[in-house]
$ cat final07.txt   # compact mmCIF, C-alpha atoms
# COMPACT_ATOMS: atom_id res chain seq x y z
CA MET K 1 23.78 -8.98 -19.79
CA ASP K 2 24.25 -9.22 -16.02
CA ILE K 3 21.29 -10.83 -14.26
CA GLY K 4 20.89 -10.97 -10.49
CA SER K 5 18.63 -13.43 -8.73
CA PHE K 6 17.36 -12.86 -5.20
CA VAL K 7 15.31 -15.40 -3.27
CA TYR K 8 13.36 -14.12 -0.30
CA GLN K 9 10.44 -15.06 1.89
CA VAL K 10 7.46 -12.79 2.46
CA THR K 11 4.89 -12.95 5.24
CA ARG K 12 1.34 -12.33 4.02
CA LEU K 13 -0.95 -10.85 6.64
CA ILE K 14 -4.67 -11.56 6.42
CA PHE K 15 -6.99 -9.76 8.79
CA ASP K 16 -10.59 -10.63 9.56
CA THR K 17 -12.20 -7.19 9.52
CA ALA K 18 -15.34 -8.35 11.39
CA GLN K 19 -17.27 -5.89 9.22
CA PRO K 20 -19.41 -6.17 6.12
CA TYR K 21 -17.46 -5.74 2.88
CA GLU K 22 -18.91 -2.41 1.75
CA GLU K 23 -18.66 -0.95 5.26
CA PHE K 24 -15.01 -1.92 5.68
CA ARG K 25 -14.13 -0.84 2.16
CA ALA K 26 -15.65 2.59 2.82
CA ARG K 27 -13.79 2.88 6.14
CA TYR K 28 -10.52 1.87 4.48
CA GLU K 29 -10.96 4.40 1.68
CA ASP K 30 -11.77 7.13 4.23
CA ALA K 31 -8.69 6.26 6.29
CA VAL K 32 -6.45 5.92 3.21
CA PRO K 33 -7.49 8.73 0.87
CA GLU K 34 -6.86 8.65 -2.84
CA LEU K 35 -3.81 10.53 -4.09
CA ASP K 36 -4.59 13.27 -6.57
CA PRO K 37 -1.86 12.71 -9.17
CA LYS K 38 -2.36 16.27 -10.44
CA ARG K 39 -0.89 17.50 -7.15
CA LEU K 40 2.37 15.68 -7.84
CA VAL K 41 2.45 17.03 -11.38
CA ALA K 42 1.88 20.54 -10.03
CA PHE K 43 4.73 20.13 -7.55
CA THR K 44 7.01 18.96 -10.35
CA GLU K 45 6.02 21.74 -12.73
CA SER K 46 6.45 24.43 -10.08
CA GLY K 47 9.79 23.08 -8.88
CA ALA K 48 8.43 22.71 -5.35
CA SER K 49 10.81 21.91 -2.52
CA TRP K 50 10.86 18.39 -1.13
CA GLN K 51 9.71 19.86 2.19
CA GLU K 52 6.53 21.10 0.46
CA VAL K 53 5.92 17.63 -0.96
CA VAL K 54 6.44 16.03 2.46
CA ALA K 55 4.14 18.55 4.17
CA ASP K 56 1.43 17.90 1.58
CA ALA K 57 1.71 14.11 1.98
CA ASP K 58 1.60 14.44 5.78
CA ALA K 59 -1.53 16.60 5.55
CA SER K 60 -3.19 14.33 2.96
CA ALA K 61 -2.52 10.96 4.61
CA PRO K 62 -3.99 10.87 8.12
CA HIS K 63 -2.55 7.39 8.75
CA GLY K 64 0.55 7.79 6.58
CA PHE K 65 -0.85 6.07 3.48
CA LEU K 66 -2.51 7.14 0.24
CA ILE K 67 -4.27 5.11 -2.45
CA TYR K 68 -2.41 5.30 -5.76
CA TRP K 69 -4.61 2.82 -7.63
CA ARG K 70 -7.81 0.87 -6.99
CA SER K 71 -9.58 -1.84 -8.97
CA ASP K 72 -12.91 -3.47 -8.11
CA LEU K 73 -12.32 -6.94 -9.50
CA THR K 74 -15.82 -8.23 -8.70
CA PRO K 75 -17.57 -7.31 -11.98
CA VAL K 76 -15.02 -8.90 -14.32
CA MET K 77 -14.43 -12.00 -12.17
CA SER K 78 -18.17 -12.56 -11.86
CA LEU K 79 -18.25 -13.02 -15.65
CA ALA K 80 -16.30 -16.25 -15.06
CA GLY K 81 -18.78 -17.32 -12.39
CA ASP K 82 -16.63 -16.15 -9.47
CA PRO K 83 -18.97 -13.91 -7.43
CA ALA K 84 -16.62 -13.19 -4.49
CA ARG K 85 -16.21 -9.48 -3.92
CA CYS K 86 -12.67 -8.12 -4.07
CA THR K 87 -11.04 -4.74 -4.46
CA ALA K 88 -7.28 -4.48 -4.98
CA TYR K 89 -5.23 -1.39 -4.14
CA LEU K 90 -1.78 0.12 -4.33
CA MET K 91 -1.36 1.90 -1.00
CA GLY K 92 1.70 3.84 0.06
CA ASN K 93 3.37 7.17 0.53
CA HIS K 94 5.85 8.61 -1.94
CA THR K 95 7.72 10.47 0.79
CA ILE K 96 8.29 7.23 2.70
CA ALA K 97 9.21 5.39 -0.51
CA GLU K 98 11.84 8.04 -1.19
CA GLN K 99 13.60 7.05 2.05
CA MET K 100 14.31 3.68 0.39
CA TYR K 101 14.54 4.83 -3.23
CA ARG K 102 17.68 6.85 -2.48
CA TYR K 103 19.44 3.56 -1.65
CA ASP K 104 17.94 1.38 -4.38
CA PRO K 105 15.31 2.56 -6.89
CA SER K 106 14.21 -1.05 -7.46
CA VAL K 107 12.28 -0.85 -4.16
CA MET K 108 9.55 0.58 -6.37
CA LEU K 109 8.72 -3.01 -7.30
CA TYR K 110 7.03 -3.14 -3.88
CA ALA K 111 6.23 0.48 -3.07
CA PRO K 112 3.40 1.27 -2.96
CA LEU K 113 2.18 -1.80 -1.12
CA ARG K 114 -0.44 -4.08 -2.64
CA THR K 115 -3.53 -4.61 -0.52
CA ALA K 116 -6.78 -6.45 -1.16
CA ILE K 117 -10.13 -6.34 0.56
CA TYR K 118 -12.16 -9.43 -0.24
CA VAL K 119 -14.87 -11.78 0.96
CA ASP K 120 -13.60 -15.30 1.66
CA ALA K 121 -15.41 -18.63 1.26
CA ALA K 122 -16.82 -18.32 4.80
CA ASN K 123 -18.34 -14.92 3.87
CA ARG K 124 -15.88 -12.99 6.05
CA THR K 125 -14.43 -9.70 4.86
CA ARG K 126 -10.66 -9.86 4.87
CA LEU K 127 -7.81 -7.43 4.30
CA ALA K 128 -4.63 -8.94 2.87
CA VAL K 129 -1.23 -7.29 2.63
CA ASP K 130 2.35 -8.51 2.58
CA LYS K 131 4.19 -7.49 5.74
CA PRO K 132 6.36 -4.57 4.61
CA SER K 133 9.42 -5.49 6.67
CA THR K 134 9.59 -8.93 5.05
CA VAL K 135 9.28 -7.47 1.56
CA PHE K 136 11.92 -4.78 2.02
CA ALA K 137 14.32 -7.03 3.93
CA SER K 138 14.94 -8.74 0.59
CA PHE K 139 17.12 -5.78 -0.43
CA ALA K 140 19.69 -6.62 2.28
CA SER K 141 20.13 -2.94 3.07
CA PRO K 142 19.82 -1.82 6.70
CA PRO K 143 18.34 1.61 5.82
CA ILE K 144 15.73 0.01 3.54
CA SER K 145 14.95 -2.66 6.14
CA GLN K 146 14.47 0.04 8.76
CA VAL K 147 11.87 1.79 6.59
CA GLY K 148 10.12 -1.58 6.16
CA ILE K 149 9.91 -1.90 9.94
CA GLU K 150 8.49 1.62 10.18
CA LEU K 151 5.91 0.69 7.54
CA ASP K 152 4.94 -2.31 9.72
CA ARG K 153 4.25 0.16 12.54
CA LYS K 154 2.23 2.47 10.29
CA LEU K 155 0.24 -0.50 8.99
CA ALA K 156 -0.50 -1.66 12.55
CA SER K 157 -1.65 1.84 13.45
CA LEU K 158 -3.93 1.96 10.39
CA LEU K 159 -5.43 -1.41 11.29
CA GLU K 160 -6.10 -0.25 14.85
CA ALA K 161 -7.91 2.79 13.47
CA LEU K 162 -10.03 0.60 11.22
$ encode --input "final07.txt" --output "structure tokens"
Amino acid sequence: MDIGSFVYQVTRLIFDTAQPYEEFRARYEDAVPELDPKRLVAFTESGASWQEVVADADASAPHGFLIYWRSDLTPVMSLAGDPARCTAYLMGNHTIAEQMYRYDPSVMLYAPLRTAIYVDAANRTRLAVDKPSTVFASFASPPISQVGIELDRKLASLLEAL
């Protein structure tokens, strides 16, 4: 068995939203709509063109991102006496991920991006995400790194909108 080992450094970004938790969470979920997985199944079953898939993603993701998964961790963590509110997400765009996937399918370890909205010990609502360019630079592939840089720009644009 051949095993590769790759050490890399990631920059975690943590933003003070300056908004109440529920308000920011609602704004985030409005700006990053949930992906309807049935749409992707329908595209697959109909043999849709990639251009149709891209057009649909562009129309569905006003800021370039979609929510693939969401979990409100507050109820289960509160059972252990940890009352801090937190919702975790997988946020991304399959058409952007494909621009890296063609070079190395293992990029799917990090695409979609993980994000978390939470309330910290000082009662501030925060958004945490690993900076995409630092995550995807670990693949040592210029085309993949370039997509990571573009994701940084899209993330900055989303944050400005929020």
$ residues_around --input "final07.txt" --residues "segment 131-146 of chain K" --least-positions-apart "5" --cutoff "8 Å" --atoms "only C-alpha atoms" --output "ChimeraX atom specification"
/K:6-13,99-100,103,107,110,113,151-152
$ closest_residue --input "final07.txt" --among "K:His63, K:Arg39, K:His94, K:Arg102" --to "Arg153 of chain K" --atoms "all atoms listed in the file"
K:His63
$ atom_distance --input "final07.txt" --atom1 "atom CA of Ser157 of chain K" --atom2 "atom CA of Ala111 of chain K"
18.4 Å
$ closest_residue --input "final07.txt" --among "K:Leu79, K:Ala116, K:Leu35, K:Ala128" --to "Ala59 of chain K" --atoms "only C-alpha atoms"
K:Leu35
$ atom_distance --input "final07.txt" --atom1 "atom CA of Ile3 of chain K" --atom2 "atom CA of Val147 of chain K"
26.1 Å
$ residues_around --input "final07.txt" --residues "Ser60 of chain K" --least-positions-apart "6" --cutoff "12 Å" --atoms "only C-alpha atoms" --output "short mmCIF file (atom, residue, chain, number, x, y, z; two decimals) with C-alpha atoms, keeping the file's coordinate frame"
data_model
loop_
_atom_site.label_atom_id
_atom_site.label_comp_id
_atom_site.auth_asym_id
_atom_site.auth_seq_id
_atom_site.Cartn_x
_atom_site.Cartn_y
_atom_site.Cartn_z
CA ASP K 30 -11.77 7.13 4.23
CA ALA K 31 -8.69 6.26 6.29
CA VAL K 32 -6.45 5.92 3.21
CA PRO K 33 -7.49 8.73 0.87
CA GLU K 34 -6.86 8.65 -2.84
CA LEU K 35 -3.81 10.53 -4.09
CA ASP K 36 -4.59 13.27 -6.57
CA ARG K 39 -0.89 17.50 -7.15
CA VAL K 53 5.92 17.63 -0.96
CA VAL K 54 6.44 16.03 2.46
CA LEU K 66 -2.51 7.14 0.24
CA ILE K 67 -4.27 5.11 -2.45
CA GLY K 92 1.70 3.84 0.06
CA ASN K 93 3.37 7.17 0.53
CA HIS K 94 5.85 8.61 -1.94
CA THR K 95 7.72 10.47 0.79
#
$ closest_residue --input "final07.txt" --among "K:Met108, K:Ala55, K:Thr87, K:Trp69" --to "Ala26 of chain K" --atoms "all atoms listed in the file"
K:Thr87
$ atom_distance --input "final07.txt" --atom1 "atom CA of Leu90 of chain K" --atom2 "atom CA of Phe65 of chain K"
9.9 Å
$ closest_atom_pairs --input "final07.txt" --of "segment 30-139 of chain K" --to "segment 14-18 of chain K" --cutoff "6 Å" --atoms "only C-alpha atoms" --output "tab-separated table"
residue	atom	partner	partner_atom	distance
K:Thr125	CA	K:Thr17	CA	5.7
K:Arg126	CA	K:Asp16	CA	4.8
K:Leu127	CA	K:Phe15	CA	5.1
K:Ala128	CA	K:Ile14	CA	4.4
$ residues_around --input "final07.txt" --residues "Leu162 of chain K" --least-positions-apart "3" --cutoff "8 Å" --atoms "all atoms listed in the file" --output "PyMOL selection string"
chain K and resi 24+27-28+31+158-159
$ decode --input "final07.txt" --residues "segment 98-137 of chain K" --atoms "N, CA and C atoms" --output "PDB file, in the first residue's frame"
ATOM      1  N   GLU K  98     -15.680  21.590  -9.348  1.00  0.00           N
ATOM      2  CA  GLU K  98     -15.278  20.827 -10.542  1.00  0.00           C
ATOM      3  C   GLU K  98     -14.009  21.400 -11.162  1.00  0.00           C
ATOM      4  N   GLN K  99     -13.786  22.699 -11.027  1.00  0.00           N
ATOM      5  CA  GLN K  99     -12.597  23.334 -11.598  1.00  0.00           C
ATOM      6  C   GLN K  99     -11.314  22.840 -10.916  1.00  0.00           C
ATOM      7  N   MET K 100     -11.463  22.267  -9.712  1.00  0.00           N
ATOM      8  CA  MET K 100     -10.321  21.665  -9.024  1.00  0.00           C
ATOM      9  C   MET K 100     -10.337  20.145  -9.165  1.00  0.00           C
ATOM     10  N   TYR K 101     -11.528  19.583  -9.108  1.00  0.00           N
ATOM     11  CA  TYR K 101     -11.729  18.137  -9.169  1.00  0.00           C
ATOM     12  C   TYR K 101     -11.063  17.535 -10.403  1.00  0.00           C
ATOM     13  N   ARG K 102     -11.120  18.239 -11.511  1.00  0.00           N
ATOM     14  CA  ARG K 102     -10.533  17.715 -12.756  1.00  0.00           C
ATOM     15  C   ARG K 102      -9.032  17.486 -12.623  1.00  0.00           C
ATOM     16  N   TYR K 103      -8.383  18.195 -11.686  1.00  0.00           N
ATOM     17  CA  TYR K 103      -6.945  18.040 -11.472  1.00  0.00           C
ATOM     18  C   TYR K 103      -6.628  17.039 -10.365  1.00  0.00           C
ATOM     19  N   ASP K 104      -7.529  16.963  -9.366  1.00  0.00           N
ATOM     20  CA  ASP K 104      -7.301  16.051  -8.246  1.00  0.00           C
ATOM     21  C   ASP K 104      -8.605  15.874  -7.481  1.00  0.00           C
ATOM     22  N   PRO K 105      -9.288  14.738  -7.674  1.00  0.00           N
ATOM     23  CA  PRO K 105     -10.567  14.523  -6.992  1.00  0.00           C
ATOM     24  C   PRO K 105     -10.486  14.590  -5.458  1.00  0.00           C
ATOM     25  N   SER K 106      -9.297  14.437  -4.893  1.00  0.00           N
ATOM     26  CA  SER K 106      -9.203  14.494  -3.430  1.00  0.00           C
ATOM     27  C   SER K 106      -9.461  15.890  -2.869  1.00  0.00           C
ATOM     28  N   VAL K 107      -9.595  16.909  -3.731  1.00  0.00           N
ATOM     29  CA  VAL K 107      -9.979  18.240  -3.234  1.00  0.00           C
ATOM     30  C   VAL K 107     -11.331  18.186  -2.532  1.00  0.00           C
ATOM     31  N   MET K 108     -12.097  17.127  -2.804  1.00  0.00           N
ATOM     32  CA  MET K 108     -13.414  17.015  -2.193  1.00  0.00           C
ATOM     33  C   MET K 108     -13.334  16.770  -0.683  1.00  0.00           C
ATOM     34  N   LEU K 109     -12.129  16.553  -0.165  1.00  0.00           N
ATOM     35  CA  LEU K 109     -11.951  16.554   1.288  1.00  0.00           C
ATOM     36  C   LEU K 109     -12.311  17.918   1.873  1.00  0.00           C
ATOM     37  N   TYR K 110     -12.149  18.977   1.072  1.00  0.00           N
ATOM     38  CA  TYR K 110     -12.310  20.348   1.560  1.00  0.00           C
ATOM     39  C   TYR K 110     -13.350  21.154   0.797  1.00  0.00           C
ATOM     40  N   ALA K 111     -13.960  20.559  -0.180  1.00  0.00           N
ATOM     41  CA  ALA K 111     -15.013  21.234  -0.948  1.00  0.00           C
ATOM     42  C   ALA K 111     -16.260  20.356  -0.841  1.00  0.00           C
ATOM     43  N   PRO K 112     -17.327  20.870  -0.318  1.00  0.00           N
ATOM     44  CA  PRO K 112     -17.572  22.247   0.093  1.00  0.00           C
ATOM     45  C   PRO K 112     -16.804  22.639   1.365  1.00  0.00           C
ATOM     46  N   LEU K 113     -16.768  23.937   1.576  1.00  0.00           N
ATOM     47  CA  LEU K 113     -16.082  24.508   2.730  1.00  0.00           C
ATOM     48  C   LEU K 113     -16.906  24.285   3.991  1.00  0.00           C
ATOM     49  N   ARG K 114     -16.222  24.092   5.094  1.00  0.00           N
ATOM     50  CA  ARG K 114     -16.905  24.037   6.401  1.00  0.00           C
ATOM     51  C   ARG K 114     -16.997  25.447   6.947  1.00  0.00           C
ATOM     52  N   THR K 115     -18.168  25.815   7.433  1.00  0.00           N
ATOM     53  CA  THR K 115     -18.347  27.092   8.121  1.00  0.00           C
ATOM     54  C   THR K 115     -19.102  26.834   9.416  1.00  0.00           C
ATOM     55  N   ALA K 116     -18.961  27.737  10.355  1.00  0.00           N
ATOM     56  CA  ALA K 116     -19.705  27.640  11.612  1.00  0.00           C
ATOM     57  C   ALA K 116     -20.105  29.038  12.050  1.00  0.00           C
ATOM     58  N   ILE K 117     -21.344  29.158  12.453  1.00  0.00           N
ATOM     59  CA  ILE K 117     -21.841  30.377  13.095  1.00  0.00           C
ATOM     60  C   ILE K 117     -22.053  30.002  14.547  1.00  0.00           C
ATOM     61  N   TYR K 118     -21.459  30.787  15.447  1.00  0.00           N
ATOM     62  CA  TYR K 118     -21.543  30.425  16.857  1.00  0.00           C
ATOM     63  C   TYR K 118     -21.491  31.677  17.733  1.00  0.00           C
ATOM     64  N   VAL K 119     -21.842  31.493  18.996  1.00  0.00           N
ATOM     65  CA  VAL K 119     -21.751  32.556  19.982  1.00  0.00           C
ATOM     66  C   VAL K 119     -20.569  32.234  20.888  1.00  0.00           C
ATOM     67  N   ASP K 120     -19.629  33.174  20.981  1.00  0.00           N
ATOM     68  CA  ASP K 120     -18.420  32.929  21.771  1.00  0.00           C
ATOM     69  C   ASP K 120     -18.653  33.241  23.262  1.00  0.00           C
ATOM     70  N   ALA K 121     -17.618  33.085  24.058  1.00  0.00           N
ATOM     71  CA  ALA K 121     -17.713  33.285  25.505  1.00  0.00           C
ATOM     72  C   ALA K 121     -18.072  34.725  25.877  1.00  0.00           C
ATOM     73  N   ALA K 122     -17.787  35.675  24.996  1.00  0.00           N
ATOM     74  CA  ALA K 122     -18.120  37.083  25.242  1.00  0.00           C
ATOM     75  C   ALA K 122     -19.500  37.435  24.675  1.00  0.00           C
ATOM     76  N   ASN K 123     -20.264  36.417  24.283  1.00  0.00           N
ATOM     77  CA  ASN K 123     -21.618  36.579  23.746  1.00  0.00           C
ATOM     78  C   ASN K 123     -21.644  37.316  22.402  1.00  0.00           C
ATOM     79  N   ARG K 124     -20.582  37.153  21.621  1.00  0.00           N
ATOM     80  CA  ARG K 124     -20.536  37.734  20.276  1.00  0.00           C
ATOM     81  C   ARG K 124     -20.798  36.629  19.262  1.00  0.00           C
ATOM     82  N   THR K 125     -21.587  36.952  18.257  1.00  0.00           N
ATOM     83  CA  THR K 125     -21.848  35.994  17.182  1.00  0.00           C
ATOM     84  C   THR K 125     -20.687  36.042  16.213  1.00  0.00           C
ATOM     85  N   ARG K 126     -20.140  34.880  15.935  1.00  0.00           N
ATOM     86  CA  ARG K 126     -18.969  34.756  15.072  1.00  0.00           C
ATOM     87  C   ARG K 126     -19.274  33.834  13.899  1.00  0.00           C
ATOM     88  N   LEU K 127     -18.566  34.072  12.801  1.00  0.00           N
ATOM     89  CA  LEU K 127     -18.560  33.171  11.654  1.00  0.00           C
ATOM     90  C   LEU K 127     -17.128  32.699  11.489  1.00  0.00           C
ATOM     91  N   ALA K 128     -16.940  31.396  11.454  1.00  0.00           N
ATOM     92  CA  ALA K 128     -15.605  30.828  11.282  1.00  0.00           C
ATOM     93  C   ALA K 128     -15.558  30.018   9.995  1.00  0.00           C
ATOM     94  N   VAL K 129     -14.436  30.148   9.290  1.00  0.00           N
ATOM     95  CA  VAL K 129     -14.210  29.395   8.057  1.00  0.00           C
ATOM     96  C   VAL K 129     -12.701  29.351   7.815  1.00  0.00           C
ATOM     97  N   ASP K 130     -12.217  28.245   7.295  1.00  0.00           N
ATOM     98  CA  ASP K 130     -10.813  28.198   6.897  1.00  0.00           C
ATOM     99  C   ASP K 130     -10.663  28.937   5.578  1.00  0.00           C
ATOM    100  N   LYS K 131      -9.618  29.750   5.477  1.00  0.00           N
ATOM    101  CA  LYS K 131      -9.380  30.530   4.262  1.00  0.00           C
ATOM    102  C   LYS K 131      -9.137  29.566   3.102  1.00  0.00           C
ATOM    103  N   PRO K 132     -10.000  29.612   2.085  1.00  0.00           N
ATOM    104  CA  PRO K 132      -9.907  28.618   1.002  1.00  0.00           C
ATOM    105  C   PRO K 132      -8.532  28.522   0.346  1.00  0.00           C
ATOM    106  N   SER K 133      -7.890  29.646   0.097  1.00  0.00           N
ATOM    107  CA  SER K 133      -6.597  29.579  -0.598  1.00  0.00           C
ATOM    108  C   SER K 133      -5.568  28.802   0.212  1.00  0.00           C
ATOM    109  N   THR K 134      -5.632  28.867   1.542  1.00  0.00           N
ATOM    110  CA  THR K 134      -4.657  28.132   2.343  1.00  0.00           C
ATOM    111  C   THR K 134      -4.965  26.639   2.358  1.00  0.00           C
ATOM    112  N   VAL K 135      -6.241  26.297   2.290  1.00  0.00           N
ATOM    113  CA  VAL K 135      -6.630  24.891   2.248  1.00  0.00           C
ATOM    114  C   VAL K 135      -6.201  24.266   0.922  1.00  0.00           C
ATOM    115  N   PHE K 136      -6.543  24.924  -0.181  1.00  0.00           N
ATOM    116  CA  PHE K 136      -6.299  24.332  -1.490  1.00  0.00           C
ATOM    117  C   PHE K 136      -4.855  24.469  -1.959  1.00  0.00           C
ATOM    118  N   ALA K 137      -4.080  25.344  -1.332  1.00  0.00           N
ATOM    119  CA  ALA K 137      -2.654  25.423  -1.644  1.00  0.00           C
ATOM    120  C   ALA K 137      -1.938  24.130  -1.265  1.00  0.00           C
TER     121      ALA K 137
END
